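Coordinates as given in upload25.cif (mmCIF, C-alpha atoms and all ligand atoms):
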data_structure
loop_
_atom_site.label_atom_id
_atom_site.label_comp_id
_atom_site.auth_asym_id
_atom_site.auth_seq_id
_atom_site.Cartn_x
_atom_site.Cartn_y
_atom_site.Cartn_z
CA MET A 1 119.59 -26.06 35.40
CA THR A 2 117.68 -23.30 33.67
CA THR A 3 114.45 -24.08 31.83
CA GLU A 4 115.23 -21.29 29.38
CA THR A 5 115.45 -22.30 25.77
CA VAL A 6 116.81 -20.44 22.77
CA GLU A 7 114.89 -20.68 19.54
CA TYR A 8 116.83 -19.98 16.35
CA ILE A 9 114.93 -19.23 13.17
CA ARG A 10 117.07 -18.93 10.05
CA TYR A 11 115.63 -17.14 7.07
CA ARG A 12 116.81 -16.69 3.52
CA ILE A 13 115.10 -13.57 2.18
CA PRO A 14 115.73 -12.31 -1.37
CA GLU A 15 117.37 -8.91 -1.15
CA ASP A 16 114.49 -7.08 -2.80
CA ARG A 17 112.13 -8.35 -0.05
CA SER A 18 114.35 -7.55 2.91
CA PRO A 19 112.95 -4.04 3.63
CA GLU A 20 109.38 -5.41 3.93
CA PHE A 21 110.70 -8.39 5.94
CA LEU A 22 112.38 -6.06 8.43
CA SER A 23 109.29 -3.92 8.61
CA ALA A 24 107.13 -7.03 9.24
CA TYR A 25 109.39 -8.10 12.09
CA THR A 26 109.37 -4.58 13.52
CA HIS A 27 105.59 -5.01 13.81
CA ALA A 28 105.82 -8.59 15.10
CA SER A 29 108.36 -7.55 17.74
CA VAL A 30 105.58 -5.67 19.56
CA GLN A 31 103.94 -9.04 20.33
CA LEU A 32 107.25 -10.58 21.39
CA ALA A 33 107.99 -7.63 23.66
CA ALA A 34 104.57 -8.05 25.30
CA ALA A 35 104.88 -11.82 25.81
CA PRO A 36 105.62 -12.91 29.39
CA GLN A 37 107.11 -16.13 27.97
CA CYS A 38 109.75 -14.17 26.01
CA VAL A 39 113.01 -13.26 27.80
CA ASP A 40 114.62 -11.43 24.87
CA PHE A 41 115.00 -11.54 21.12
CA GLU A 42 117.24 -10.28 18.35
CA LEU A 43 117.06 -10.42 14.59
CA ALA A 44 120.51 -10.33 13.01
CA ARG A 45 121.47 -10.05 9.37
CA CYS A 46 124.45 -11.83 7.82
CA GLU A 47 127.29 -9.47 6.91
CA GLU A 48 128.77 -11.78 4.29
CA ASP A 49 125.50 -12.74 2.64
CA PHE A 50 122.74 -10.14 2.99
CA GLU A 51 120.02 -12.70 2.24
CA HIS A 52 120.57 -14.60 5.50
CA PHE A 53 118.86 -13.57 8.72
CA VAL A 54 118.84 -15.31 12.10
CA LEU A 55 116.16 -14.57 14.66
CA ARG A 56 117.14 -15.59 18.19
CA ILE A 57 114.38 -15.73 20.77
CA THR A 58 115.02 -16.75 24.37
CA TRP A 59 111.88 -18.29 25.89
CA THR A 60 111.29 -19.02 29.55
CA SER A 61 110.87 -22.66 28.43
CA THR A 62 110.00 -24.59 25.28
CA GLU A 63 106.63 -25.44 26.79
CA ASP A 64 105.96 -21.77 27.59
CA HIS A 65 106.65 -20.98 23.95
CA LEU A 66 104.53 -23.76 22.46
CA GLU A 67 101.70 -23.91 25.01
CA GLY A 68 101.85 -20.32 26.27
CA PHE A 69 102.80 -17.84 23.56
CA ARG A 70 101.43 -19.85 20.64
CA LYS A 71 98.04 -20.17 22.35
CA SER A 72 97.96 -16.61 23.65
CA GLU A 73 95.97 -13.70 22.27
CA LEU A 74 99.25 -12.13 21.09
CA PHE A 75 100.01 -14.92 18.65
CA PRO A 76 97.47 -14.22 15.86
CA ASP A 77 98.86 -10.71 15.25
CA PHE A 78 102.44 -12.00 15.44
CA LEU A 79 101.69 -14.73 12.92
CA ALA A 80 99.82 -12.38 10.58
CA ALA A 81 102.88 -10.11 10.38
CA ILE A 82 105.41 -12.83 9.60
CA ARG A 83 103.23 -15.30 7.66
CA PRO A 84 104.49 -14.17 4.21
CA TYR A 85 108.02 -15.32 5.18
CA ILE A 86 107.26 -18.77 6.59
CA GLU A 87 108.28 -20.42 3.33
CA ASN A 88 111.68 -18.68 3.59
CA ILE A 89 112.52 -20.44 6.88
CA GLU A 90 115.54 -22.74 6.59
CA GLU A 91 115.68 -23.82 10.23
CA MET A 92 113.42 -23.30 13.25
CA ARG A 93 114.46 -25.21 16.37
CA HIS A 94 114.89 -24.86 20.12
CA TYR A 95 118.39 -25.07 21.62
CA LYS A 96 119.23 -25.65 25.28
CA PRO A 97 122.09 -23.46 26.59
CA THR A 98 125.09 -25.47 27.79
CA THR A 99 127.48 -24.50 30.57
CA VAL A 100 129.86 -23.10 27.95
CA ARG A 101 128.94 -19.47 28.18
CA GLY A 102 130.49 -16.33 29.54
CA ARG A 103 131.38 -12.75 28.90
CA GLY A 104 134.40 -11.42 27.10
CA ALA A 105 136.63 -8.64 28.35
CA ALA A 106 135.22 -5.88 26.15
CA VAL A 107 133.54 -4.42 29.22
CA PRO A 108 135.82 -4.44 32.30
CA THR A 109 134.57 -6.20 35.42
CA LEU A 110 133.64 -4.09 38.42
CA PHE A 111 136.63 -5.76 40.11
CA ALA A 112 139.06 -4.49 37.46
CA TRP A 113 137.41 -1.07 37.33
CA ALA A 114 137.73 -0.72 41.12
CA GLY A 115 141.48 -1.37 40.93
CA GLY A 116 141.71 -5.13 41.51
CA ALA A 117 142.57 -7.07 44.66
CA GLU A 118 144.62 -4.23 46.16
CA ALA A 119 141.67 -1.85 46.03
CA PHE A 120 139.39 -4.31 47.84
CA GLY A 121 142.12 -4.91 50.41
CA ARG A 122 142.37 -1.16 51.08
CA LEU A 123 138.58 -0.91 51.23
CA THR A 124 138.02 -3.55 53.90
CA THR A 125 141.03 -2.42 55.95
CA VAL A 126 139.61 1.10 56.18
CA PHE A 127 136.09 -0.24 56.62
CA TYR A 128 136.80 -2.47 59.62
CA GLU A 129 138.81 0.30 61.29
CA LYS A 130 135.64 2.36 61.09
CA VAL A 131 133.44 -0.55 62.21
CA LEU A 132 135.52 -1.18 65.32
CA ALA A 133 135.35 2.52 66.22
CA ASP A 134 131.58 2.70 65.69
CA ASP A 135 129.14 2.71 68.62
CA LEU A 136 126.50 0.59 66.86
CA LEU A 137 128.72 -1.88 65.03
CA ALA A 138 131.68 -2.44 67.36
CA PRO A 139 129.63 -4.70 69.67
CA VAL A 140 128.47 -6.82 66.69
CA PHE A 141 132.06 -7.43 65.65
CA ALA A 142 133.53 -7.89 69.13
CA GLY A 143 136.38 -10.39 69.05
CA LEU A 144 136.78 -10.06 65.31
CA ALA A 145 139.31 -12.46 63.83
CA PRO A 146 142.33 -10.59 62.36
CA GLU A 147 141.78 -12.22 58.95
CA HIS A 148 138.12 -11.12 58.72
CA ALA A 149 138.81 -7.98 56.67
CA GLU A 150 140.91 -9.98 54.25
CA HIS A 151 138.14 -12.60 53.85
CA VAL A 152 135.53 -9.96 53.14
CA ALA A 153 137.89 -8.39 50.59
CA LEU A 154 138.16 -11.77 48.84
CA TRP A 155 134.39 -12.16 48.93
CA LEU A 156 133.74 -8.72 47.45
CA ALA A 157 136.43 -9.25 44.81
CA GLU A 158 134.76 -12.51 43.74
CA VAL A 159 131.27 -10.99 43.66
CA PHE A 160 132.52 -8.12 41.49
CA GLY A 161 134.05 -10.43 38.90
CA GLY A 162 137.55 -11.04 40.30
CA PRO A 163 139.26 -14.36 41.11
CA THR A 164 137.22 -17.06 42.87
CA ALA A 165 139.60 -17.09 45.83
CA TYR A 166 136.90 -16.86 48.53
CA SER A 167 135.09 -19.92 47.18
CA GLU A 168 138.34 -21.81 46.82
CA THR A 169 139.82 -21.01 50.23
CA GLN A 170 136.79 -20.33 52.49
CA GLY A 171 133.87 -22.39 51.25
CA GLY A 172 131.62 -20.36 48.99
CA HIS A 173 128.20 -18.82 49.41
CA GLY A 174 126.89 -21.19 52.10
CA HIS A 175 129.91 -20.51 54.30
CA MET A 176 129.48 -16.74 54.01
CA VAL A 177 125.74 -16.88 54.75
CA ALA A 178 126.32 -19.14 57.76
CA LYS A 179 128.56 -16.47 59.33
CA HIS A 180 125.46 -14.27 59.70
CA LEU A 181 123.03 -16.84 61.12
CA GLY A 182 121.65 -15.98 64.56
CA ARG A 183 123.35 -12.57 64.76
CA ASP A 184 120.08 -10.61 64.88
CA ILE A 185 121.36 -7.67 62.85
CA THR A 186 119.03 -4.66 63.18
CA GLU A 187 118.03 -2.30 60.38
CA GLN A 188 119.93 0.49 62.14
CA GLN A 189 123.10 -1.61 62.18
CA ARG A 190 122.62 -2.58 58.55
CA ARG A 191 122.26 1.05 57.51
CA ARG A 192 125.37 1.98 59.45
CA TRP A 193 127.28 -0.82 57.66
CA VAL A 194 126.10 0.64 54.33
CA ASN A 195 127.13 4.17 55.32
CA LEU A 196 130.54 3.13 56.61
CA ILE A 197 131.45 1.06 53.58
CA GLN A 198 130.67 4.04 51.37
CA ASP A 199 132.84 6.29 53.54
CA ALA A 200 135.54 3.61 53.35
CA ALA A 201 135.21 3.47 49.55
CA ASP A 202 135.89 7.23 49.43
CA GLU A 203 138.86 7.03 51.77
CA ALA A 204 140.33 3.95 50.09
CA GLY A 205 140.21 5.76 46.75
CA LEU A 206 137.75 3.52 44.93
CA PRO A 207 136.46 5.09 41.71
CA THR A 208 133.83 7.72 42.29
CA ASP A 209 132.18 7.67 38.86
CA ALA A 210 128.41 7.35 38.79
CA ALA A 211 128.26 3.98 37.03
CA PHE A 212 130.70 2.24 39.38
CA ARG A 213 129.27 3.67 42.58
CA SER A 214 125.67 2.89 41.64
CA ALA A 215 126.58 -0.75 40.89
CA PHE A 216 128.66 -0.95 44.09
CA LEU A 217 125.86 0.44 46.22
CA ALA A 218 123.28 -1.82 44.55
CA TYR A 219 125.25 -4.85 45.70
CA VAL A 220 125.81 -3.42 49.18
CA GLU A 221 122.07 -2.81 49.55
CA TRP A 222 121.27 -6.33 48.31
CA GLY A 223 123.94 -8.02 50.39
CA THR A 224 123.23 -6.21 53.65
CA ARG A 225 119.49 -6.88 53.36
CA LEU A 226 120.23 -10.59 52.87
CA ALA A 227 122.63 -10.48 55.85
CA VAL A 228 119.81 -9.06 58.00
CA HIS A 229 117.41 -11.71 56.72
CA PHE A 230 119.77 -14.59 57.42
CA SER A 231 120.67 -13.20 60.83
CA GLY A 232 117.02 -13.28 61.91
CA PRO A 233 115.23 -15.78 64.13
CA ASP A 234 113.32 -17.56 61.35
CA ALA A 235 116.18 -17.90 58.87
CA THR A 236 117.25 -21.28 57.65
CA PRO A 237 120.49 -21.68 55.73
CA PRO A 238 119.80 -21.62 51.99
CA ALA A 239 120.70 -24.52 49.70
CA GLU A 240 124.27 -24.18 48.43
CA GLN A 241 124.38 -21.88 45.45
CA PRO A 242 127.04 -20.07 43.48
CA VAL A 243 128.55 -16.82 44.76
CA PRO A 244 126.49 -14.00 43.19
CA LYS A 245 128.20 -12.26 40.30
CA TRP A 246 127.51 -8.57 40.29
CA ASN A 247 127.76 -6.55 37.14
CA TRP A 248 127.23 -3.06 35.80
CA GLY A 249 123.58 -2.09 36.08
CA ALA A 250 121.58 -0.03 33.63
CA ALA A 251 124.51 2.40 33.35
CA PRO A 252 127.55 1.01 31.49
CA PRO A 253 131.05 2.08 32.51
CA TYR A 254 131.94 5.44 31.06
CA GLN A 255 134.96 5.26 28.79
CA GLY A 256 135.63 8.65 27.29
C1 LIG B 1 127.05 -6.75 51.48
C2 LIG B 1 126.99 -7.03 52.79
C3 LIG B 1 127.86 -8.00 53.52
C4 LIG B 1 128.89 -8.74 53.06
C5 LIG B 1 129.45 -8.83 51.65
C6 LIG B 1 129.41 -9.48 54.18
C7 LIG B 1 130.46 -10.37 54.08
C8 LIG B 1 130.84 -11.21 55.10
C9 LIG B 1 131.75 -12.30 54.96
C10 LIG B 1 132.44 -12.71 53.66
C11 LIG B 1 131.87 -12.89 56.17
C12 LIG B 1 132.71 -14.10 56.49
C13 LIG B 1 134.11 -13.73 56.73
C14 LIG B 1 134.97 -14.96 56.87
O1 LIG B 1 134.80 -15.91 56.12
O2 LIG B 1 135.85 -14.93 57.76
C15 LIG B 1 131.05 -12.15 57.08
C16 LIG B 1 130.93 -12.40 58.42
C17 LIG B 1 130.27 -11.57 59.30
N1 LIG B 1 129.47 -10.50 58.98
FE1 LIG B 1 129.06 -9.87 57.15
N2 LIG B 1 128.71 -9.16 55.31
C18 LIG B 1 127.75 -8.25 54.95
C19 LIG B 1 126.85 -7.63 55.78
C20 LIG B 1 126.94 -7.65 57.14
C21 LIG B 1 126.21 -6.82 58.06
C22 LIG B 1 125.21 -5.74 57.61
C23 LIG B 1 126.61 -7.14 59.30
C24 LIG B 1 126.21 -6.55 60.60
C25 LIG B 1 125.84 -5.29 60.77
C26 LIG B 1 127.57 -8.21 59.19
C27 LIG B 1 128.17 -8.86 60.22
C28 LIG B 1 129.02 -9.93 60.13
C29 LIG B 1 129.57 -10.64 61.26
C30 LIG B 1 129.33 -10.31 62.70
C31 LIG B 1 130.34 -11.69 60.72
C32 LIG B 1 131.12 -12.73 61.48
C33 LIG B 1 132.51 -12.22 61.78
C34 LIG B 1 133.31 -13.30 62.47
O3 LIG B 1 133.60 -14.32 61.82
O4 LIG B 1 133.61 -13.12 63.64
N3 LIG B 1 127.75 -8.51 57.87
N4 LIG B 1 130.44 -11.12 56.41
#

Please rewrite the model in this file as structure tokens.
Amino acid sequence: MTTETVEYIRYRIPEDRSPEFLSAYTHASVQLAAAPQCVDFELARCEEDFEHFVLRITWTSTEDHLEGFRKSELFPDFLAAIRPYIENIEEMRHYKPTTVRGRGAAVPTLFAWAGGAEAFGRLTTVFYEKVLADDLLAPVFAGLAPEHAEHVALWLAEVFGGPTAYSETQGGHGHMVAKHLGRDITEQQRRRWVNLIQDAADEAGLPTDAAFRSAFLAYVEWGTRLAVHFSGPDATPPAEQPVPKWNWGAAPPYQG
């Protein structure tokens, strides 16, 4: 359960004071942006009634807000900027996020962008053909079960925002990590895995646009480095945790 808390501050600002109010918050936002207790913030204005504003601030925790930010050297300047509007506050409270949260479909998942389950099936089929023909990797995958490629396709599909079929049929994150324990994967083998999956992505016809490929490679880098870690002599299986959900990085999908 996250300790993050969302503070909502509702203001009613007479229309003739709204330009100075926005300018005051533009100044105060410098302190919020510099606060290590602040995750993000947004001041929104009501479309139906211009006098209503809601400031949403996500704090690392309520305590961090009250005991950290409010007692920090940033706070006096923040307060000085917004003090004239304190009497216009209609609500100022902390809210705990519930499990009801998610993303809409306005931005396609990496899974959908890649071409869905079929694309991941093509990818891992081509990939394991390459792996089994590779001098460094073939020995690691000796005696590979015929369904391995299909399982990895399900895993990747789930990570990239597709159906949760791997978790439902195979056993989730812990099961996947356990498959790597004790395998002593070397950095050379890891890098070869990374190279071959990119070659396979080309051959299997996965999208080649910059945004998709950079997000794809970011996960492959992350995942292979974890695989090496968990394959090592000192690794202990991690506590069960959800399958990671990968998303677009700094670059959004290009839709011309
Ligand atoms: C992003 C990186 C990686 C992902 C997503 C991944 C995914 C998986 C998954 C889902 C399984 C379990 C398959 C099943 O349930 O049947 C698995 C098993 C395995 N992985 Fe990985 N893996 C990654 C990196 C690596 C690397 C770098 C190596 C070695 C160079 C490796 C070697 C193996 C081996 C040997 C198994 C066991 C295969 C078997 O069951 O016989 N993996 N991997």

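Summary of the local environment: counting all atoms listed in the file, residues at most 9 Å from A:Thr109, other than itself and those fewer than 4 positions away along its chain, are Ala105, Trp113, Ala114, Phe160, Gly161, Gly162, Trp246, Asn247 and Trp248 of chain A.
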
Exercise. Residues within 7 Å of ligand LIG 1 (chain B) (only C-alpha atoms and all ligand atoms), as a VMD selection string?
Worked result: chain A and resid 137 140 to 141 143 to 145 147 to 148 151 to 152 155 to 156 170 175 to 176 179 to 180 183 185 189 to 190 193 219 to 224 227 to 228

Problem set entry | Residue nearest A:Ser29 - candidates A:His94, A:Arg10, A:Arg56, A:Arg103, atoms counted: all atoms listed in the file | A:Arg56

Problem set entry | Atomic distance atom CA of A:Ile89 - atom CA of A:Pro36, expressed in Å with one decimal | 24.7 Å

Exercise. For the atom pair atom CA of A:Pro253 and atom CA of A:Thr60, what is the interatomic distance in Å to one decimal place?
Worked result: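 Pair atom CA of A:Pro253 / atom CA of A:Thr60 returns 29.1 Å.
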
Problem set entry | Proximity to A:Asp209 - best of A:Tyr128, A:Phe69, A:Trp59, A:Pro252, all atoms listed in the file |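 Ranked by minimum distance to A:Asp209, first place goes to A:Pro252.
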
For this session: Would you work out the distance separating atom CA of A:Ala218 from atom CA of A:Gly249, expressed in Å to one decimal?
Result: 8.5 Å

Exercise. A:Ala239, A:Ile82, A:Leu206, A:Leu136: which is nearest A:Leu22, counting only C-alpha atoms?
Worked result: A:Ile82

Exercise. Counting all atoms listed in the file, which of A:Ile13, A:Leu123, A:Leu226, A:Ala235 gets nearest to A:Leu196?
Worked result: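 Closest residue, counting all atoms listed in the file: A:Leu123.
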
For this session: For A:Pro14, list every protein, DNA or RNA residue within 10 Å, evaluated using all atoms listed in the file, and leave out those in the same chain fewer than 4 positions away; present the list as a VMD selection string.
Result: chain A and resid 18 21 50 to 52 88

For this session: Would you mind listing what lies within 9 Å of stretch 1-9 of chain A as a ChimeraX atom specification, with all atoms listed in the file counted and same-chain residues fewer than 6 positions away left out?
Result: /A:39,53-62,89-97

Problem set entry | Residue with smallest distance to A:Phe212 - pool A:Asp134, A:Phe127, A:Gly115, A:Ala106, counting all atoms listed in the file |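 Answer, going by the shortest atom-to-atom distance: A:Gly115.
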
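The residue that comes closest to A:Glu158, out of A:Ser214, A:Gly116, A:Pro207, A:Gly68 and on the basis of only C-alpha atoms, is A:Gly116.
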
Generate the missing atoms of stretch 103-131 of chain A up to N, CA and C atoms and report them as a PDB file, in the coordinates of the input.
ATOM      1  N   ARG A 103     131.242 -14.086  29.451  1.00  0.00           N
ATOM      2  CA  ARG A 103     131.380 -12.750  28.900  1.00  0.00           C
ATOM      3  C   ARG A 103     132.825 -12.546  28.490  1.00  0.00           C
ATOM      4  N   GLY A 104     133.036 -11.762  27.485  1.00  0.00           N
ATOM      5  CA  GLY A 104     134.400 -11.420  27.100  1.00  0.00           C
ATOM      6  C   GLY A 104     134.890 -10.245  27.929  1.00  0.00           C
ATOM      7  N   ALA A 105     136.037  -9.716  27.550  1.00  0.00           N
ATOM      8  CA  ALA A 105     136.630  -8.640  28.350  1.00  0.00           C
ATOM      9  C   ALA A 105     136.400  -7.267  27.738  1.00  0.00           C
ATOM     10  N   ALA A 106     135.459  -7.182  26.796  1.00  0.00           N
ATOM     11  CA  ALA A 106     135.220  -5.880  26.150  1.00  0.00           C
ATOM     12  C   ALA A 106     134.761  -4.853  27.184  1.00  0.00           C
ATOM     13  N   VAL A 107     133.957  -5.311  28.132  1.00  0.00           N
ATOM     14  CA  VAL A 107     133.540  -4.420  29.220  1.00  0.00           C
ATOM     15  C   VAL A 107     134.282  -4.880  30.474  1.00  0.00           C
ATOM     16  N   PRO A 108     135.053  -4.006  31.118  1.00  0.00           N
ATOM     17  CA  PRO A 108     135.820  -4.440  32.300  1.00  0.00           C
ATOM     18  C   PRO A 108     134.885  -4.876  33.428  1.00  0.00           C
ATOM     19  N   THR A 109     135.363  -5.813  34.246  1.00  0.00           N
ATOM     20  CA  THR A 109     134.570  -6.200  35.420  1.00  0.00           C
ATOM     21  C   THR A 109     134.586  -5.041  36.424  1.00  0.00           C
ATOM     22  N   LEU A 110     133.638  -5.084  37.336  1.00  0.00           N
ATOM     23  CA  LEU A 110     133.640  -4.090  38.420  1.00  0.00           C
ATOM     24  C   LEU A 110     134.921  -4.239  39.243  1.00  0.00           C
ATOM     25  N   PHE A 111     135.392  -5.483  39.368  1.00  0.00           N
ATOM     26  CA  PHE A 111     136.630  -5.760  40.110  1.00  0.00           C
ATOM     27  C   PHE A 111     137.802  -5.014  39.468  1.00  0.00           C
ATOM     28  N   ALA A 112     137.940  -5.157  38.153  1.00  0.00           N
ATOM     29  CA  ALA A 112     139.060  -4.490  37.460  1.00  0.00           C
ATOM     30  C   ALA A 112     138.894  -2.980  37.523  1.00  0.00           C
ATOM     31  N   TRP A 113     137.679  -2.519  37.336  1.00  0.00           N
ATOM     32  CA  TRP A 113     137.410  -1.070  37.330  1.00  0.00           C
ATOM     33  C   TRP A 113     137.772  -0.457  38.689  1.00  0.00           C
ATOM     34  N   ALA A 114     137.478  -1.233  39.762  1.00  0.00           N
ATOM     35  CA  ALA A 114     137.730  -0.720  41.120  1.00  0.00           C
ATOM     36  C   ALA A 114     139.225  -0.608  41.401  1.00  0.00           C
ATOM     37  N   GLY A 115     140.037  -1.393  40.676  1.00  0.00           N
ATOM     38  CA  GLY A 115     141.480  -1.370  40.930  1.00  0.00           C
ATOM     39  C   GLY A 115     142.017  -2.711  41.390  1.00  0.00           C
ATOM     40  N   GLY A 116     141.223  -3.786  41.217  1.00  0.00           N
ATOM     41  CA  GLY A 116     141.710  -5.130  41.510  1.00  0.00           C
ATOM     42  C   GLY A 116     141.792  -5.457  42.989  1.00  0.00           C
ATOM     43  N   ALA A 117     142.517  -6.534  43.296  1.00  0.00           N
ATOM     44  CA  ALA A 117     142.570  -7.070  44.660  1.00  0.00           C
ATOM     45  C   ALA A 117     143.071  -6.034  45.668  1.00  0.00           C
ATOM     46  N   GLU A 118     144.056  -5.236  45.244  1.00  0.00           N
ATOM     47  CA  GLU A 118     144.620  -4.230  46.160  1.00  0.00           C
ATOM     48  C   GLU A 118     143.557  -3.247  46.635  1.00  0.00           C
ATOM     49  N   ALA A 119     142.709  -2.839  45.685  1.00  0.00           N
ATOM     50  CA  ALA A 119     141.670  -1.850  46.030  1.00  0.00           C
ATOM     51  C   ALA A 119     140.702  -2.438  47.052  1.00  0.00           C
ATOM     52  N   PHE A 120     140.327  -3.716  46.881  1.00  0.00           N
ATOM     53  CA  PHE A 120     139.390  -4.310  47.840  1.00  0.00           C
ATOM     54  C   PHE A 120     140.070  -4.539  49.192  1.00  0.00           C
ATOM     55  N   GLY A 121     141.372  -4.797  49.161  1.00  0.00           N
ATOM     56  CA  GLY A 121     142.120  -4.910  50.410  1.00  0.00           C
ATOM     57  C   GLY A 121     142.117  -3.586  51.171  1.00  0.00           C
ATOM     58  N   ARG A 122     142.377  -2.498  50.447  1.00  0.00           N
ATOM     59  CA  ARG A 122     142.370  -1.160  51.080  1.00  0.00           C
ATOM     60  C   ARG A 122     140.976  -0.863  51.634  1.00  0.00           C
ATOM     61  N   LEU A 123     139.968  -1.210  50.834  1.00  0.00           N
ATOM     62  CA  LEU A 123     138.580  -0.910  51.230  1.00  0.00           C
ATOM     63  C   LEU A 123     138.230  -1.572  52.561  1.00  0.00           C
ATOM     64  N   THR A 124     138.486  -2.879  52.672  1.00  0.00           N
ATOM     65  CA  THR A 124     138.020  -3.550  53.900  1.00  0.00           C
ATOM     66  C   THR A 124     138.914  -3.201  55.089  1.00  0.00           C
ATOM     67  N   THR A 125     140.187  -2.864  54.828  1.00  0.00           N
ATOM     68  CA  THR A 125     141.030  -2.420  55.950  1.00  0.00           C
ATOM     69  C   THR A 125     140.452  -1.152  56.561  1.00  0.00           C
ATOM     70  N   VAL A 126     140.172  -0.174  55.690  1.00  0.00           N
ATOM     71  CA  VAL A 126     139.610   1.100  56.180  1.00  0.00           C
ATOM     72  C   VAL A 126     138.243   0.849  56.813  1.00  0.00           C
ATOM     73  N   PHE A 127     137.456  -0.004  56.155  1.00  0.00           N
ATOM     74  CA  PHE A 127     136.090  -0.240  56.620  1.00  0.00           C
ATOM     75  C   PHE A 127     136.067  -0.820  58.036  1.00  0.00           C
ATOM     76  N   TYR A 128     136.876  -1.867  58.288  1.00  0.00           N
ATOM     77  CA  TYR A 128     136.800  -2.470  59.620  1.00  0.00           C
ATOM     78  C   TYR A 128     137.440  -1.599  60.693  1.00  0.00           C
ATOM     79  N   GLU A 129     138.344  -0.694  60.301  1.00  0.00           N
ATOM     80  CA  GLU A 129     138.810   0.300  61.290  1.00  0.00           C
ATOM     81  C   GLU A 129     137.622   1.144  61.733  1.00  0.00           C
ATOM     82  N   LYS A 130     136.817   1.524  60.775  1.00  0.00           N
ATOM     83  CA  LYS A 130     135.640   2.360  61.090  1.00  0.00           C
ATOM     84  C   LYS A 130     134.634   1.558  61.914  1.00  0.00           C
ATOM     85  N   VAL A 131     134.419   0.299  61.512  1.00  0.00           N
ATOM     86  CA  VAL A 131     133.440  -0.550  62.210  1.00  0.00           C
ATOM     87  C   VAL A 131     133.824  -0.687  63.682  1.00  0.00           C
TER      88      VAL A 131
END
